[in-house]
Amino acid sequence: MVESRKHFHEELDKLEATVQEMGVAAGAQLRQAMDALVEDDPDLCDAVVAGDDVIDAHYILVERGVVELFALQGPVAMDLRLLATILHVNLHLERIADMAVNIAKITRVSAGLPRSPSVLAKLQEMGTIAVAMLAASLDAFARRDLSLARALPAMDDPLDELNRGMLTEVLADSKDKRMLEWGMQMHVVSRQIERVGDHAVDIAEQAAYLVTGVFQEFTDASHPEIEAGNRLTEAGI
């Protein structure tokens with residue numbers, strides 16, 4: 001029985017390490033997609049799309065591994081919590097990689113259209129925030145850092161603000177129909193980057209659940225007044 005439990009935890013550690021590898025790969029995909037956008041590089045776009053196969057392979061490996069561990073022996077409460085967290089984080093990382101692919105595909109179809117430096121600068125800023133959020137959420141998960149996990153919503157606020165202002169930025173800087181066409185595509189890119197931030201917050205929520213044993217959403221879109229109150233309380237106001 002002792003040897004069996006040892007093997008179980010070794011396999012569980014391997015699964016968590018695979019998820020972290022997947023997170024690194026997803027972050028690299030996102031950075032590459034942003035580089036492709038800024039440089040208007042079709043080859044980089046193709047590389048991002050092709051790289052999604054690596055992420056998908058990680059996703060399948062982790063999902064199968066979790067199912068096998070469930071079947072191996074009945075996990076105790078903490079192990080069960082970690083397996084559930086791994087499953088959720090795995091899904092969020094796969095979605096983040098999909099966002100990177102979407103950005104690359106939009107960049108590809110927008111090639112040749114006139115571009116706005118100010119819109120690109122805002123998108124670059126958003127990409128930098130999103131990459132940092134992903135890294136922070138994975139770090140919170142790896143270190144079981146509750147304080148860092150709870151810091152993710154505040155990191156997400158500037159990303160949300162930039163996304164909300166993107167349409168205004170696009171319309172203000174669209175000098176002709178072709179630039180407007182490019183700008184509307186970039187508005188979609190903005191939304192993709194903003195969704196990466198949302199997934200990073202979700203990963204942080206899972207990290208907090210792993211530590212506390214209680215799942216709680218950090219943001220509640222259906223009750224914004226409650227969320228606002230929580231933010232004030234955390235700030236000591």
# chains A, B, ... in the order shown; residues from 1 in each chain; ligands from 1
$ residues_around --residues "Val19 in chain A" --least-positions-apart "5" --cutoff "9 Å" --atoms "only C-alpha atoms" --output "PyMOL selection string"
chain A and resi 14+24+58-59+62+86+89-90+93
$ residues_around --residues "range 176-193 of chain A" --least-positions-apart "3" --cutoff "10 Å" --atoms "only C-alpha atoms" --output "ChimeraX atom specification"
/A:30,34,37,96,98-107,109-116,119-120,122-124,126-131,159-160,162-173,196-198
$ atom_distance --atom1 "CA of Arg31 in chain A" --atom2 "CA of Pro158 in chain A"
18.5 Å
$ atom_distance --atom1 "CA of Phe215 in chain A" --atom2 "CA of Ala154 in chain A"
18.7 Å
$ residues_around --residues "range 1-13 of chain A" --least-positions-apart "6" --cutoff "10 Å" --atoms "only C-alpha atoms" --output "ChimeraX atom specification"
/A:19,65-66,68-70,72-73,75,79,82-83,86
$ atom_distance --atom1 "CA of Glu125 in chain A" --atom2 "CA of Glu194 in chain A"
11.4 Å
$ closest_residue --among "A:Ala136, A:Val38, A:Leu148, A:Val214" --to "Ala200 in chain A" --atoms "only C-alpha atoms"
A:Ala136
$ closest_residue --among "A:Gly213, A:Gly51, A:Pro117, A:Pro42" --to "Arg144 in chain A" --atoms "only C-alpha atoms"
A:Gly213
$ residues_around --residues "Ala151 in chain A" --least-positions-apart "5" --cutoff "12 Å" --atoms "only C-alpha atoms" --output "PyMOL selection string"
chain A and resi 133+136-137+139-140+145-146+156-157+200-201+204-205+207-208+218-219+231+234-235
$ write_last_selection --atoms "C-alpha atoms" --output "mmCIF file, in the first residue's frame"
data_model
loop_
_atom_site.group_PDB
_atom_site.id
_atom_site.type_symbol
_atom_site.label_atom_id
_atom_site.label_comp_id
_atom_site.auth_asym_id
_atom_site.auth_seq_id
_atom_site.Cartn_x
_atom_site.Cartn_y
_atom_site.Cartn_z
ATOM 1 C CA MET A 133 -0.766 37.642 -15.597
ATOM 2 C CA ALA A 136 1.813 35.107 -12.085
ATOM 3 C CA SER A 137 -1.151 32.729 -12.016
ATOM 4 C CA ASP A 139 3.533 30.882 -10.113
ATOM 5 C CA ALA A 140 0.704 31.139 -7.584
ATOM 6 C CA ASP A 145 0.701 31.329 -2.947
ATOM 7 C CA LEU A 146 -2.701 32.578 -1.855
ATOM 8 C CA ASP A 156 -6.594 42.388 -14.734
ATOM 9 C CA ASP A 157 -8.130 45.843 -14.206
ATOM 10 C CA ALA A 200 -5.304 33.793 -15.878
ATOM 11 C CA VAL A 201 -7.679 34.988 -13.152
ATOM 12 C CA ALA A 204 -5.518 31.942 -9.863
ATOM 13 C CA GLU A 205 -8.956 31.047 -8.502
ATOM 14 C CA ALA A 207 -4.724 28.015 -7.032
ATOM 15 C CA ALA A 208 -6.638 29.650 -4.172
ATOM 16 C CA PHE A 218 -12.587 36.559 -7.453
ATOM 17 C CA THR A 219 -14.898 38.586 -9.686
ATOM 18 C CA ARG A 231 -12.323 45.370 -3.462
ATOM 19 C CA GLU A 234 -9.421 44.362 0.709
ATOM 20 C CA ALA A 235 -8.042 47.889 0.335
#
$ closest_residue --among "A:Thr18, A:Ser174, A:Gln29, A:Gln206" --to "Phe141 in chain A" --atoms "only C-alpha atoms"
A:Gln206
$ closest_residue --among "A:Ala25, A:Ala135, A:Ala57, A:Leu44" --to "Ala149 in chain A" --atoms "only C-alpha atoms"
A:Ala135
$ closest_residue --among "A:Arg81, A:His199, A:Arg95, A:Arg64" --to "Val211 in chain A" --atoms "only C-alpha atoms"
A:Arg81
$ decode --residues "range 132-169 of chain A" --atoms "C-alpha atoms" --output "compact mmCIF listing (two decimals), in the first residue's frame"
# COMPACT_ATOMS: atom_id res chain seq x y z
CA ALA A 132 2.62 38.72 -16.96
CA MET A 133 -0.77 37.64 -15.60
CA LEU A 134 -0.38 34.14 -16.99
CA ALA A 135 3.09 33.82 -15.44
CA ALA A 136 1.81 35.11 -12.08
CA SER A 137 -1.15 32.73 -12.02
CA LEU A 138 1.08 29.73 -12.78
CA ASP A 139 3.53 30.88 -10.11
CA ALA A 140 0.70 31.14 -7.58
CA PHE A 141 -0.33 27.60 -8.49
CA ALA A 142 3.22 26.21 -8.28
CA ARG A 143 4.02 27.89 -4.94
CA ARG A 144 0.52 27.57 -3.44
CA ASP A 145 0.70 31.33 -2.95
CA LEU A 146 -2.70 32.58 -1.86
CA SER A 147 -1.68 36.25 -1.71
CA LEU A 148 -0.35 36.18 -5.26
CA ALA A 149 -3.44 34.37 -6.49
CA ARG A 150 -5.66 37.04 -4.96
CA ALA A 151 -3.61 39.77 -6.65
CA LEU A 152 -4.65 38.67 -10.14
CA PRO A 153 -7.94 40.63 -10.35
CA ALA A 154 -6.07 43.89 -9.70
CA MET A 155 -3.61 42.96 -12.46
CA ASP A 156 -6.59 42.39 -14.73
CA ASP A 157 -8.13 45.84 -14.21
CA PRO A 158 -5.77 47.73 -16.60
CA LEU A 159 -6.30 45.02 -19.22
CA ASP A 160 -10.07 45.41 -18.99
CA GLU A 161 -9.75 49.18 -19.22
CA LEU A 162 -7.57 49.01 -22.34
CA ASN A 163 -9.99 46.58 -23.95
CA ARG A 164 -12.97 48.82 -23.19
CA GLY A 165 -11.23 51.77 -24.83
CA MET A 166 -10.07 49.90 -27.91
CA LEU A 167 -13.13 50.57 -30.08
CA THR A 168 -12.87 54.32 -29.41
CA GLU A 169 -9.16 54.17 -30.25
